[in-house]
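Colleague: Please read through the structure below; I'll follow up with questions.
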Amino acid sequence: MSILELQRVSKVYGEGDTEVDALTDIDLSVNRGSLVAIMGPSGSGKSTLLTIAGSLEEPTSGDVIIDGARVRGMSRNDKARLRRRTVGYVFQDFNLLAGLTAVENVSLPLELDGIPMKKARSKGMAALEGLGLADRAESYPDQLSGGERQRVAIARAVVGERSLLLADEPSGALDSVNGESVMRMILTACHGGVAAVVVTHDAKLASWADRVVFLRDGQAVDETLPPPSPEELLNPDVPKPSLS
Amino acid sequence: MSIRHSLLALLSEGPKYGFQLRQEFETSTGDVWPLNVGQVYTTLQRLERDGLAQSDDVEEDERQKNYRITEKGGEELSRWLRTPPDLSEPPRDELVIKVLVASRLPNVDVFDVIQVHRRYLVQLMQQWTRMKEDESHFDLAFALAVDAELFRLDSVVRWLDSADGRLRRVSLESVESTMDSTFALPSNRRRTGARR
Ligand SMILES: Nc1ncnc2c1ncn2[C@@H]1O[C@H](COP(=O)(O)OP(=O)(O)O)[C@@H](O)[C@H]1O
Ligand SMILES: [Mg+2]
């Protein structure tokens, strides 16, 4: 079942001489449990795609459907609720609130959604535990390493029963071992039924995805083929990678 | 990887029988690099001849001989581990050549050629990553070798990205200079010509 659906989405910034076609006719469908990576050079529209997919920004034309609900025509309140309940974001700079502990950061979106503090907190703890961060729950962001901060940000993005995880260069400043563990966590969320879209220019990270979409000047120009099925893997005629 | 040095590495853990070396050699590298296991015994003979390993000569059969590393063998292993491989000569890279050729041919879209290779490389990387994904059968040697392969492929993707950017800039400039020579004054045209 498709959790995110973009239908012929276009975005034009500015007007007249300063007009920029940031996105042109993007079709994208992301199913429950699947991880899609978006690759493309800087300025190709990756962040624009993600903010539109998360209903933070309106497309100039085309439709966005999140968890079965069409975003166009929704009231501000409905959109805000959709974002709190269904969509989790992870940004490059983690944007954790400095004055709150890890667990407070994670449970904040639930509290904003009206869930009582105690219950929100226990859900927040569960999310942290799931990402191996239970012992850092009471630490403040400035007491955490970059990798730990990013894991807290992911916990915050998947806390509750959010079904769509959107991540923009989620391992921006991390070394490659930490970058890999960020991708493993996102994948774990996907195995739990979350649909995820990750924007990155790093092919090592993109290679964790089921599907990689290549963006260029606002257009989806290409994508990877689906992985070989188990039958194909058993077929000796299909070439497999090997170290030589 | 050289069989010689792999065997020295195995012997540096302690004395071992020929058949044992063959077995360990196969399991330590066989998963990752298909090596010629058949050469294990002849290589052992040569190690002994060169004074890098020693065996108790009671047995005729290499399989039953007990080998141990000599001091000279230990020094050789240590030297080999620290000797950088020769990376000073760029390898003749087929992909580089293809992109160079594509960039010169007027009827070929070099960006399309680049994207075909980029997609292929990312798909290969996905296959490697999938092998790493399953942590229940975690094997350190395998993980390290897979990482090496991922980094190698990644560097090729990054080269493609930079070639893509560089070629785009050049093609933009050449569009601008065509516009110069179409619309501009003769003095400008001369200047464009002189730049070449
Ligand atoms: N708020 C904005 N106003 C005007 N132009 C924008 C805005 N946001 C992005 N753009 C332009 O849209 C294009 C795509 O930007 P972006 O989505 O940030 O690309 P990426 O994330 O791939 O680097 C760029 O040309 C950028 O300058
Ligand atoms: Mg961006």
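Each chain in the structure tokens gets a letter, A, B, ..., in the order shown, and its residues are numbered from 1; ligands are numbered from 1 in order too.
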Considering only C-alpha atoms, give me a table of residues in chain B that are at most 8 Å from chain A, with the closest atom pair and distance in Å for each, as a tab-separated table.

Modeller:
residue	atom	partner	partner_atom	distance
B:Val32	CA	A:Leu243	CA	6.1
B:Trp33	CA	A:Leu243	CA	5.8
B:Pro34	CA	A:Ser244	CA	7.1
B:Gln115	CA	A:Asp222	CA	7.9
B:Arg119	CA	A:Thr224	CA	6.0
B:Tyr120	CA	A:Thr224	CA	7.8
B:Val122	CA	A:Ser207	CA	6.3
B:Gln123	CA	A:Thr224	CA	6.2
B:Leu124	CA	A:Pro241	CA	7.1
B:Met125	CA	A:Ser207	CA	5.6
B:Gln126	CA	A:Ser207	CA	4.3
B:Gln127	CA	A:Pro241	CA	7.3
B:Trp128	CA	A:Pro241	CA	7.3
B:Thr129	CA	A:Trp208	CA	6.1
B:Arg130	CA	A:Trp208	CA	7.2
B:Glu133	CA	A:Arg184	CA	7.9
B:Ala145	CA	A:Leu243	CA	8.0
B:Glu149	CA	A:Leu243	CA	7.6
B:Leu150	CA	A:Lys204	CA	6.7
B:Phe151	CA	A:Lys204	CA	7.5
B:Asp154	CA	A:Ala203	CA	6.0
B:Val157	CA	A:Ala203	CA	7.2
B:Asp161	CA	A:Pro41	CA	7.7

Colleague: Do you have, as a Markdown table, the list of residues of chain A lying at most 10 Å from ligand 1, each with its nearest atom pair and that distance in Å to one decimal, counting only C-alpha atoms and all ligand atoms and ordered by chain then number?

Modeller:
| residue | atom | partner | partner_atom_place_in_ligand_line | distance |
| --- | --- | --- | --- | --- |
| A:Lys11 | CA | ligand 1 | 12 (O) | 8.4 |
| A:Val12 | CA | ligand 1 | 12 (O) | 7.9 |
| A:Tyr13 | CA | ligand 1 | 4 (C) | 4.7 |
| A:Gly14 | CA | ligand 1 | 4 (C) | 5.9 |
| A:Glu15 | CA | ligand 1 | 4 (C) | 9.5 |
| A:Thr18 | CA | ligand 1 | 4 (C) | 8.4 |
| A:Glu19 | CA | ligand 1 | 5 (N) | 8.0 |
| A:Val20 | CA | ligand 1 | 12 (O) | 6.2 |
| A:Asp21 | CA | ligand 1 | 12 (O) | 6.8 |
| A:Ala22 | CA | ligand 1 | 12 (O) | 4.2 |
| A:Leu23 | CA | ligand 1 | 14 (C) | 7.4 |
| A:Ile38 | CA | ligand 1 | 22 (O) | 9.2 |
| A:Met39 | CA | ligand 1 | 22 (O) | 8.2 |
| A:Gly40 | CA | ligand 1 | 22 (O) | 6.2 |
| A:Pro41 | CA | ligand 1 | 22 (O) | 6.0 |
| A:Ser42 | CA | ligand 1 | 23 (O) | 3.6 |
| A:Gly43 | CA | ligand 1 | 19 (O) | 3.5 |
| A:Ser44 | CA | ligand 1 | 22 (O) | 3.9 |
| A:Gly45 | CA | ligand 1 | 17 (O) | 3.2 |
| A:Lys46 | CA | ligand 1 | 22 (O) | 3.7 |
| A:Ser47 | CA | ligand 1 | 21 (O) | 3.7 |
| A:Thr48 | CA | ligand 1 | 17 (O) | 3.7 |
| A:Leu49 | CA | ligand 1 | 17 (O) | 6.4 |
| A:Leu50 | CA | ligand 1 | 17 (O) | 8.1 |
| A:Thr51 | CA | ligand 1 | 17 (O) | 8.5 |
| A:Ile52 | CA | ligand 1 | 17 (O) | 9.9 |
| A:Glu57 | CA | ligand 1 | 1 (N) | 9.6 |
| A:Asp168 | CA | ligand 1 | 21 (O) | 8.1 |
| A:Glu169 | CA | ligand 1 | 21 (O) | 9.0 |
| A:Val199 | CA | ligand 1 | 21 (O) | 8.1 |
| A:Thr200 | CA | ligand 1 | 22 (O) | 8.9 |
| A:His201 | CA | ligand 1 | 22 (O) | 8.8 |
| A:Leu215 | CA | ligand 1 | 22 (O) | 7.9 |
| A:Arg216 | CA | ligand 1 | 22 (O) | 8.4 |
| A:Asp217 | CA | ligand 1 | 14 (C) | 7.6 |
| A:Gly218 | CA | ligand 1 | 14 (C) | 6.9 |

Colleague: In segment 60-208 of chain A, what's strand (DSSP E) per DSSP? Answer as a list in words?

Modeller: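 Going through segment 60-208 of chain A, the strand (DSSP E) residues come out as Ser61, Gly62, Asp63, Val64, Ile65, Ile66, Ala69, Arg70, Val87, Gly88, Tyr89, Val90, Leu164, Leu165, Leu166, Ala167, Asp168, Ala195, Ala196, Val197, Val198 and Val199 of chain A.
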
Colleague: Give me a file of those residues, with N, CA and C atoms, as a PDB file, in the first residue's frame.

Modeller:
ATOM      1  N   SER A  61       1.766  22.819  -9.117  1.00  0.00           N
ATOM      2  CA  SER A  61       0.700  21.990  -9.682  1.00  0.00           C
ATOM      3  C   SER A  61       0.984  20.534  -9.346  1.00  0.00           C
ATOM      4  N   GLY A  62      -0.041  19.713  -9.512  1.00  0.00           N
ATOM      5  CA  GLY A  62       0.112  18.305  -9.171  1.00  0.00           C
ATOM      6  C   GLY A  62      -0.420  18.016  -7.786  1.00  0.00           C
ATOM      7  N   ASP A  63      -0.421  16.741  -7.427  1.00  0.00           N
ATOM      8  CA  ASP A  63      -1.039  16.321  -6.181  1.00  0.00           C
ATOM      9  C   ASP A  63      -0.108  15.517  -5.289  1.00  0.00           C
ATOM     10  N   VAL A  64      -0.305  15.714  -3.987  1.00  0.00           N
ATOM     11  CA  VAL A  64       0.428  14.923  -2.995  1.00  0.00           C
ATOM     12  C   VAL A  64      -0.605  14.180  -2.164  1.00  0.00           C
ATOM     13  N   ILE A  65      -0.411  12.870  -2.052  1.00  0.00           N
ATOM     14  CA  ILE A  65      -1.328  12.062  -1.263  1.00  0.00           C
ATOM     15  C   ILE A  65      -0.522  11.334  -0.190  1.00  0.00           C
ATOM     16  N   ILE A  66      -0.839  11.658   1.065  1.00  0.00           N
ATOM     17  CA  ILE A  66      -0.102  11.060   2.174  1.00  0.00           C
ATOM     18  C   ILE A  66      -1.040  10.142   2.938  1.00  0.00           C
ATOM     19  N   ALA A  69      -4.590  10.416   2.077  1.00  0.00           N
ATOM     20  CA  ALA A  69      -5.273  11.702   2.137  1.00  0.00           C
ATOM     21  C   ALA A  69      -4.638  12.709   1.174  1.00  0.00           C
ATOM     22  N   ARG A  70      -5.482  13.331   0.357  1.00  0.00           N
ATOM     23  CA  ARG A  70      -4.997  14.333  -0.583  1.00  0.00           C
ATOM     24  C   ARG A  70      -4.702  15.629   0.175  1.00  0.00           C
ATOM     25  N   VAL A  87       3.859  12.131   9.541  1.00  0.00           N
ATOM     26  CA  VAL A  87       5.122  12.418   8.868  1.00  0.00           C
ATOM     27  C   VAL A  87       6.220  12.718   9.882  1.00  0.00           C
ATOM     28  N   GLY A  88       7.372  12.072   9.737  1.00  0.00           N
ATOM     29  CA  GLY A  88       8.532  12.411  10.552  1.00  0.00           C
ATOM     30  C   GLY A  88       9.649  12.930   9.667  1.00  0.00           C
ATOM     31  N   TYR A  89      10.311  13.995  10.140  1.00  0.00           N
ATOM     32  CA  TYR A  89      11.412  14.566   9.357  1.00  0.00           C
ATOM     33  C   TYR A  89      12.732  14.369  10.063  1.00  0.00           C
ATOM     34  N   VAL A  90      13.773  14.159   9.289  1.00  0.00           N
ATOM     35  CA  VAL A  90      15.126  14.224   9.827  1.00  0.00           C
ATOM     36  C   VAL A  90      15.918  15.155   8.916  1.00  0.00           C
ATOM     37  N   LEU A 164       5.381   7.750   7.664  1.00  0.00           N
ATOM     38  CA  LEU A 164       6.234   8.284   6.594  1.00  0.00           C
ATOM     39  C   LEU A 164       7.435   8.993   7.203  1.00  0.00           C
ATOM     40  N   LEU A 165       8.612   8.557   6.810  1.00  0.00           N
ATOM     41  CA  LEU A 165       9.843   9.145   7.325  1.00  0.00           C
ATOM     42  C   LEU A 165      10.566   9.832   6.167  1.00  0.00           C
ATOM     43  N   LEU A 166      10.823  11.136   6.342  1.00  0.00           N
ATOM     44  CA  LEU A 166      11.492  11.897   5.290  1.00  0.00           C
ATOM     45  C   LEU A 166      12.812  12.413   5.850  1.00  0.00           C
ATOM     46  N   ALA A 167      13.905  12.138   5.151  1.00  0.00           N
ATOM     47  CA  ALA A 167      15.203  12.525   5.690  1.00  0.00           C
ATOM     48  C   ALA A 167      16.034  13.229   4.620  1.00  0.00           C
ATOM     49  N   ASP A 168      16.485  14.435   4.952  1.00  0.00           N
ATOM     50  CA  ASP A 168      17.265  15.237   3.998  1.00  0.00           C
ATOM     51  C   ASP A 168      18.740  15.196   4.408  1.00  0.00           C
ATOM     52  N   ALA A 195       7.262   3.911   5.582  1.00  0.00           N
ATOM     53  CA  ALA A 195       7.758   4.226   4.238  1.00  0.00           C
ATOM     54  C   ALA A 195       8.752   5.373   4.392  1.00  0.00           C
ATOM     55  N   ALA A 196       9.919   5.270   3.752  1.00  0.00           N
ATOM     56  CA  ALA A 196      10.932   6.303   3.951  1.00  0.00           C
ATOM     57  C   ALA A 196      11.469   6.835   2.631  1.00  0.00           C
ATOM     58  N   VAL A 197      11.719   8.143   2.617  1.00  0.00           N
ATOM     59  CA  VAL A 197      12.391   8.766   1.488  1.00  0.00           C
ATOM     60  C   VAL A 197      13.621   9.477   2.035  1.00  0.00           C
ATOM     61  N   VAL A 198      14.780   9.124   1.506  1.00  0.00           N
ATOM     62  CA  VAL A 198      16.023   9.709   1.970  1.00  0.00           C
ATOM     63  C   VAL A 198      16.714  10.422   0.819  1.00  0.00           C
ATOM     64  N   VAL A 199      17.030  11.685   1.050  1.00  0.00           N
ATOM     65  CA  VAL A 199      17.737  12.470   0.055  1.00  0.00           C
ATOM     66  C   VAL A 199      19.218  12.439   0.388  1.00  0.00           C
TER      67      VAL A 199
END

Colleague: When you look at Thr188 of chain A with a cut-off of 12 Å (counting only C-alpha atoms), what residues show up, excluding the ones that are within fewer than 5 positions of it in the same chain? I need them as a CSV table (one decimal) with all heavy atoms, in the first residue's frame.

Modeller:
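And here's result_1.csv as it stands now:
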chain,number,residue,atom,x,y,z
A,33,GLY,N,6.8,0.1,4.1
A,33,GLY,CA,8.0,-0.8,4.3
A,33,GLY,C,9.1,-0.5,3.3
A,33,GLY,O,10.1,-1.2,3.4
A,34,SER,N,8.9,0.4,2.4
A,34,SER,CA,10.0,0.5,1.4
A,34,SER,C,10.8,1.8,1.6
A,34,SER,O,10.3,2.8,2.2
A,34,SER,CB,9.5,0.4,0.0
A,34,SER,OG,9.1,1.7,-0.5
A,35,LEU,N,12.1,1.7,1.2
A,35,LEU,CA,13.0,2.8,1.4
A,35,LEU,C,13.5,3.3,0.0
A,35,LEU,O,14.0,2.6,-0.8
A,35,LEU,CB,14.2,2.3,2.2
A,35,LEU,CG,15.4,3.2,2.3
A,35,LEU,CD1,15.1,4.6,2.8
A,35,LEU,CD2,16.5,2.6,3.2
A,127,ALA,N,10.9,4.5,21.8
A,127,ALA,CA,11.6,4.8,20.5
A,127,ALA,C,13.1,4.9,20.7
A,127,ALA,O,13.9,4.4,19.9
A,127,ALA,CB,11.0,6.1,19.9
A,130,GLY,N,14.5,1.4,21.1
A,130,GLY,CA,14.6,0.7,19.8
A,130,GLY,C,15.8,1.1,19.0
A,130,GLY,O,16.3,0.4,18.2
A,131,LEU,N,16.4,2.3,19.3
A,131,LEU,CA,17.5,2.7,18.5
A,131,LEU,C,18.8,2.7,19.4
A,131,LEU,O,19.8,3.3,19.1
A,131,LEU,CB,17.3,4.2,18.0
A,131,LEU,CG,16.1,4.3,17.0
A,131,LEU,CD1,15.9,5.7,16.6
A,131,LEU,CD2,16.4,3.4,15.8
A,154,ILE,N,16.2,10.7,14.6
A,154,ILE,CA,15.4,9.6,13.9
A,154,ILE,C,14.3,9.1,14.9
A,154,ILE,O,13.2,8.8,14.4
A,154,ILE,CB,16.3,8.5,13.4
A,154,ILE,CG1,17.2,9.1,12.3
A,154,ILE,CG2,15.6,7.3,12.9
A,154,ILE,CD1,18.3,8.2,11.8
A,155,ALA,N,14.7,8.9,16.1
A,155,ALA,CA,13.7,8.4,17.1
A,155,ALA,C,12.5,9.4,17.1
A,155,ALA,O,11.4,9.0,17.1
A,155,ALA,CB,14.3,8.3,18.5
A,158,VAL,N,10.2,8.9,14.1
A,158,VAL,CA,9.4,7.7,14.0
A,158,VAL,C,8.5,7.4,15.2
A,158,VAL,O,7.8,6.5,15.2
A,158,VAL,CB,10.3,6.4,13.7
A,158,VAL,CG1,11.0,6.5,12.4
A,158,VAL,CG2,11.2,6.1,14.8
A,165,LEU,N,8.6,8.6,6.8
A,165,LEU,CA,9.8,9.1,7.3
A,165,LEU,C,10.6,9.8,6.2
A,165,LEU,O,10.9,9.2,5.1
A,165,LEU,CB,10.7,8.0,7.9
A,165,LEU,CG,12.1,8.4,8.4
A,165,LEU,CD1,12.1,9.5,9.5
A,165,LEU,CD2,12.9,7.2,8.9
A,181,SER,N,25.1,3.6,10.2
A,181,SER,CA,24.2,3.2,11.3
A,181,SER,C,22.9,4.0,11.2
A,181,SER,O,21.8,3.5,11.5
A,181,SER,CB,24.8,3.2,12.7
A,181,SER,OG,25.1,4.5,13.0
A,182,VAL,N,23.0,5.2,10.7
A,182,VAL,CA,21.8,6.0,10.4
A,182,VAL,C,20.9,5.3,9.4
A,182,VAL,O,19.7,5.1,9.6
A,182,VAL,CB,22.1,7.4,10.0
A,182,VAL,CG1,20.9,8.1,9.3
A,182,VAL,CG2,22.6,8.3,11.1
A,183,MET,N,21.6,4.8,8.3
A,183,MET,CA,20.8,4.1,7.3
A,183,MET,C,20.2,2.8,7.8
A,183,MET,O,19.1,2.4,7.5
A,183,MET,CB,21.6,3.8,6.1
A,183,MET,CG,22.1,5.1,5.3
A,183,MET,SD,20.7,6.2,5.0
A,183,MET,CE,19.8,5.3,3.8
A,193,GLY,N,7.4,-1.2,8.9
A,193,GLY,CA,6.2,-0.8,8.2
A,193,GLY,C,6.2,0.7,7.8
A,193,GLY,O,5.3,1.1,7.1
A,194,VAL,N,7.3,1.4,8.1
A,194,VAL,CA,7.3,2.8,7.7
A,194,VAL,C,7.8,2.9,6.3
A,194,VAL,O,8.5,2.1,5.8
A,194,VAL,CB,8.4,3.5,8.7
A,194,VAL,CG1,8.7,4.9,8.1
A,194,VAL,CG2,7.8,3.6,10.1
A,195,ALA,N,7.3,3.9,5.6
A,195,ALA,CA,7.8,4.2,4.2
A,195,ALA,C,8.8,5.4,4.4
A,195,ALA,O,8.5,6.3,5.1
A,195,ALA,CB,6.6,4.6,3.3
A,196,ALA,N,9.9,5.3,3.8
A,196,ALA,CA,10.9,6.3,4.0
A,196,ALA,C,11.5,6.8,2.6
A,196,ALA,O,11.6,6.1,1.7
A,196,ALA,CB,12.1,5.8,4.8
A,208,TRP,N,21.6,1.7,0.4
A,208,TRP,CA,20.7,1.0,1.3
A,208,TRP,C,19.3,0.9,0.9
A,208,TRP,O,18.5,0.2,1.4
A,208,TRP,CB,20.8,1.6,2.7
A,208,TRP,CG,22.1,1.4,3.4
A,208,TRP,CD1,23.3,2.1,3.2
A,208,TRP,CD2,22.5,0.3,4.2
A,208,TRP,NE1,24.3,1.6,4.0
A,208,TRP,CE2,23.8,0.5,4.6
A,208,TRP,CE3,21.8,-0.8,4.7
A,208,TRP,CZ2,24.5,-0.4,5.4
A,208,TRP,CZ3,22.4,-1.7,5.6
A,208,TRP,CH2,23.8,-1.5,5.9
A,209,ALA,N,18.9,1.7,-0.1
A,209,ALA,CA,17.5,1.9,-0.5
A,209,ALA,C,17.1,0.7,-1.4
A,209,ALA,O,17.9,0.1,-2.1
A,209,ALA,CB,17.3,3.2,-1.2
B,133,GLU,N,23.7,-6.2,4.9
B,133,GLU,CA,22.6,-5.9,5.7
B,133,GLU,C,22.3,-6.9,6.7
B,133,GLU,O,22.0,-6.6,7.9
B,133,GLU,CB,21.4,-5.8,4.7
B,133,GLU,CG,20.2,-5.0,5.2
B,133,GLU,CD,19.1,-5.0,4.1
B,133,GLU,OE1,19.4,-4.6,3.0
B,133,GLU,OE2,18.0,-5.4,4.5
B,134,ASP,N,22.4,-8.2,6.4
B,134,ASP,CA,22.1,-9.2,7.3
B,134,ASP,C,23.2,-9.4,8.3
B,134,ASP,O,24.3,-9.9,8.1
B,134,ASP,CB,22.0,-10.5,6.5
B,134,ASP,CG,21.6,-11.7,7.4
B,134,ASP,OD1,21.3,-11.4,8.6
B,134,ASP,OD2,21.6,-12.8,7.0

Colleague: Just checking: using only C-alpha atoms and all ligand atoms, which residue out of A:Pro116, A:Pro59, A:Gly179, A:Pro170 ends up closest to ligand 2?

Modeller: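 Among the listed residues, the smallest separation from ligand 2 belongs to A:Pro170.
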
Colleague: Fewer than 6 positions away in the same chain doesn't count, so skip those; otherwise give me all residues within 12 Å of Arg166 of chain B, counting only C-alpha atoms, as a PDB file with C-alpha atoms, in the first residue's frame.

Modeller:
ATOM      1  CA  SER B 103      32.388  13.790 -24.666  1.00  0.00           C
ATOM      2  CA  VAL B 110      27.611  12.315 -22.885  1.00  0.00           C
ATOM      3  CA  PHE B 111      25.287  13.013 -19.937  1.00  0.00           C
ATOM      4  CA  TRP B 159      34.206  10.787 -10.494  1.00  0.00           C
ATOM      5  CA  LEU B 160      31.156  10.522 -12.783  1.00  0.00           C
ATOM      6  CA  LEU B 172      27.184  26.169 -20.882  1.00  0.00           C
ATOM      7  CA  GLU B 173      30.251  28.261 -21.659  1.00  0.00           C
TER       8      GLU B 173
END

Colleague: Mind the document's chain letters and residue numbers, and return as a ChimeraX atom specification the residues of segment 78-143 of chain B that DSSP labels alpha helix (DSSP H).

Modeller: /B:78-82,94-104,110-133,140-143

Colleague: With only C-alpha atoms and all ligand atoms as the atoms that count, which of A:Val152, A:Asp142, A:Ala120, A:Phe91 lies nearest to ligand 2?

Modeller: A:Phe91

Colleague: Choose the residue, out of B:Arg68, B:Arg63, B:Arg169, B:Lys98, that has the smallest atom-to-atom separation from Leu10 of chain B; count only C-alpha atoms.

Modeller: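 So, comparing all the options, the nearest one is B:Arg68.
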
Colleague: For atom 1 (Mg, counted along the ligand's line) of ligand 2 and atom CA of Val36 of chain A, determine how far apart the two atoms are, in Å to one decimal place.

Modeller: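 Spanning atom 1 (Mg, counted along the ligand's line) of ligand 2 to atom CA of Val36 of chain A is a straight-line distance of 16.1 Å.
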
Colleague: Measuring atom to atom with only C-alpha atoms and all ligand atoms, identify which of A:Gln219, A:Asp67, A:Val9, A:Gln92 is nearest to ligand 2.

Modeller: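 Once distances to ligand 2 are computed over only C-alpha atoms and all ligand atoms, the minimum belongs to A:Gln92.
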
Colleague: To one decimal place in Å, what is the distance between atom CA of Asn105 of chain A and atom CA of Thr86 of chain A?

Modeller: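 Atom CA of Thr86 of chain A lies at a distance of 17.3 Å from atom CA of Asn105 of chain A.
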
Colleague: With only C-alpha atoms as the counted atoms, please give the residues lying no more than 12 Å from Tyr17 of chain B, apart from itself and same-chain residues fewer than 2 positions off, as a PyMOL selection string.

Modeller: chain B and resi 7+10-11+14-15+19-25+40-41+44+54-56+59+61-69

Colleague: Just the selected residues (N, CA and C atoms), exported as a short mmCIF file (atom, residue, chain, number, x, y, z; two decimals), in the first residue's frame, please.

Modeller:
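In the end it all went to selection-v7.cif:
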data_model
loop_
_atom_site.label_atom_id
_atom_site.label_comp_id
_atom_site.auth_asym_id
_atom_site.auth_seq_id
_atom_site.Cartn_x
_atom_site.Cartn_y
_atom_site.Cartn_z
N LEU B 7 49.92 -17.34 3.77
CA LEU B 7 50.39 -18.50 4.54
C LEU B 7 51.31 -18.06 5.68
N LEU B 10 49.11 -16.92 8.44
CA LEU B 10 48.50 -18.03 9.20
C LEU B 10 49.54 -18.68 10.12
N LEU B 11 50.77 -18.81 9.61
CA LEU B 11 51.83 -19.44 10.42
C LEU B 11 52.25 -18.55 11.58
N GLY B 14 51.02 -19.48 14.90
CA GLY B 14 51.55 -20.68 15.57
C GLY B 14 51.78 -21.77 14.54
N PRO B 15 52.54 -22.81 14.93
CA PRO B 15 52.85 -23.88 13.98
C PRO B 15 51.58 -24.59 13.53
N PHE B 19 47.83 -29.70 5.89
CA PHE B 19 46.41 -29.79 5.55
C PHE B 19 45.58 -28.72 6.26
N GLN B 20 46.08 -28.40 7.49
CA GLN B 20 45.40 -27.39 8.31
C GLN B 20 45.54 -26.01 7.65
N LEU B 21 46.75 -25.74 7.13
CA LEU B 21 47.00 -24.47 6.46
C LEU B 21 46.09 -24.33 5.24
N ARG B 22 45.99 -25.44 4.51
CA ARG B 22 45.17 -25.42 3.32
C ARG B 22 43.71 -25.10 3.67
N GLN B 23 43.26 -25.74 4.75
CA GLN B 23 41.89 -25.54 5.18
C GLN B 23 41.64 -24.09 5.65
N GLU B 24 42.55 -23.62 6.50
CA GLU B 24 42.38 -22.27 7.03
C GLU B 24 42.50 -21.22 5.93
N PHE B 25 43.40 -21.49 5.01
CA PHE B 25 43.58 -20.58 3.89
C PHE B 25 42.27 -20.47 3.11
N VAL B 40 48.67 -24.12 -2.53
CA VAL B 40 49.11 -24.01 -1.14
C VAL B 40 50.37 -24.85 -0.88
N TYR B 41 50.37 -26.11 -1.34
CA TYR B 41 51.50 -26.98 -1.00
C TYR B 41 52.79 -26.57 -1.71
N LEU B 44 54.18 -23.67 0.06
CA LEU B 44 54.83 -24.06 1.32
C LEU B 44 56.26 -24.54 1.07
N GLN B 54 59.77 -23.34 8.25
CA GLN B 54 60.54 -24.55 8.53
C GLN B 54 59.57 -25.67 8.82
N SER B 55 59.94 -26.90 8.41
CA SER B 55 59.09 -28.01 8.80
C SER B 55 59.93 -29.09 9.44
N ASP B 56 59.28 -29.90 10.27
CA ASP B 56 59.96 -31.09 10.78
C ASP B 56 59.96 -32.07 9.63
N GLU B 59 58.04 -36.24 7.92
CA GLU B 59 57.01 -36.71 6.99
C GLU B 59 57.39 -36.37 5.56
N ASP B 61 54.96 -36.42 3.11
CA ASP B 61 53.76 -35.79 2.57
C ASP B 61 53.59 -34.39 3.17
N GLU B 62 53.48 -33.36 2.28
CA GLU B 62 53.34 -31.99 2.78
C GLU B 62 52.14 -31.83 3.71
N ARG B 63 51.11 -32.60 3.44
CA ARG B 63 49.90 -32.45 4.23
C ARG B 63 50.14 -32.76 5.70
N GLN B 64 51.06 -33.72 5.94
CA GLN B 64 51.30 -34.18 7.31
C GLN B 64 52.45 -33.45 7.98
N LYS B 65 53.17 -32.61 7.21
CA LYS B 65 54.29 -31.90 7.80
C LYS B 65 53.82 -30.78 8.72
N ASN B 66 54.56 -30.56 9.77
CA ASN B 66 54.23 -29.45 10.67
C ASN B 66 55.14 -28.26 10.34
N TYR B 67 54.52 -27.14 9.98
CA TYR B 67 55.29 -25.96 9.57
C TYR B 67 55.29 -24.90 10.66
N ARG B 68 56.41 -24.19 10.73
CA ARG B 68 56.41 -23.00 11.61
C ARG B 68 57.16 -21.88 10.91
N ILE B 69 56.84 -20.67 11.28
CA ILE B 69 57.44 -19.50 10.63
C ILE B 69 58.83 -19.27 11.21
#
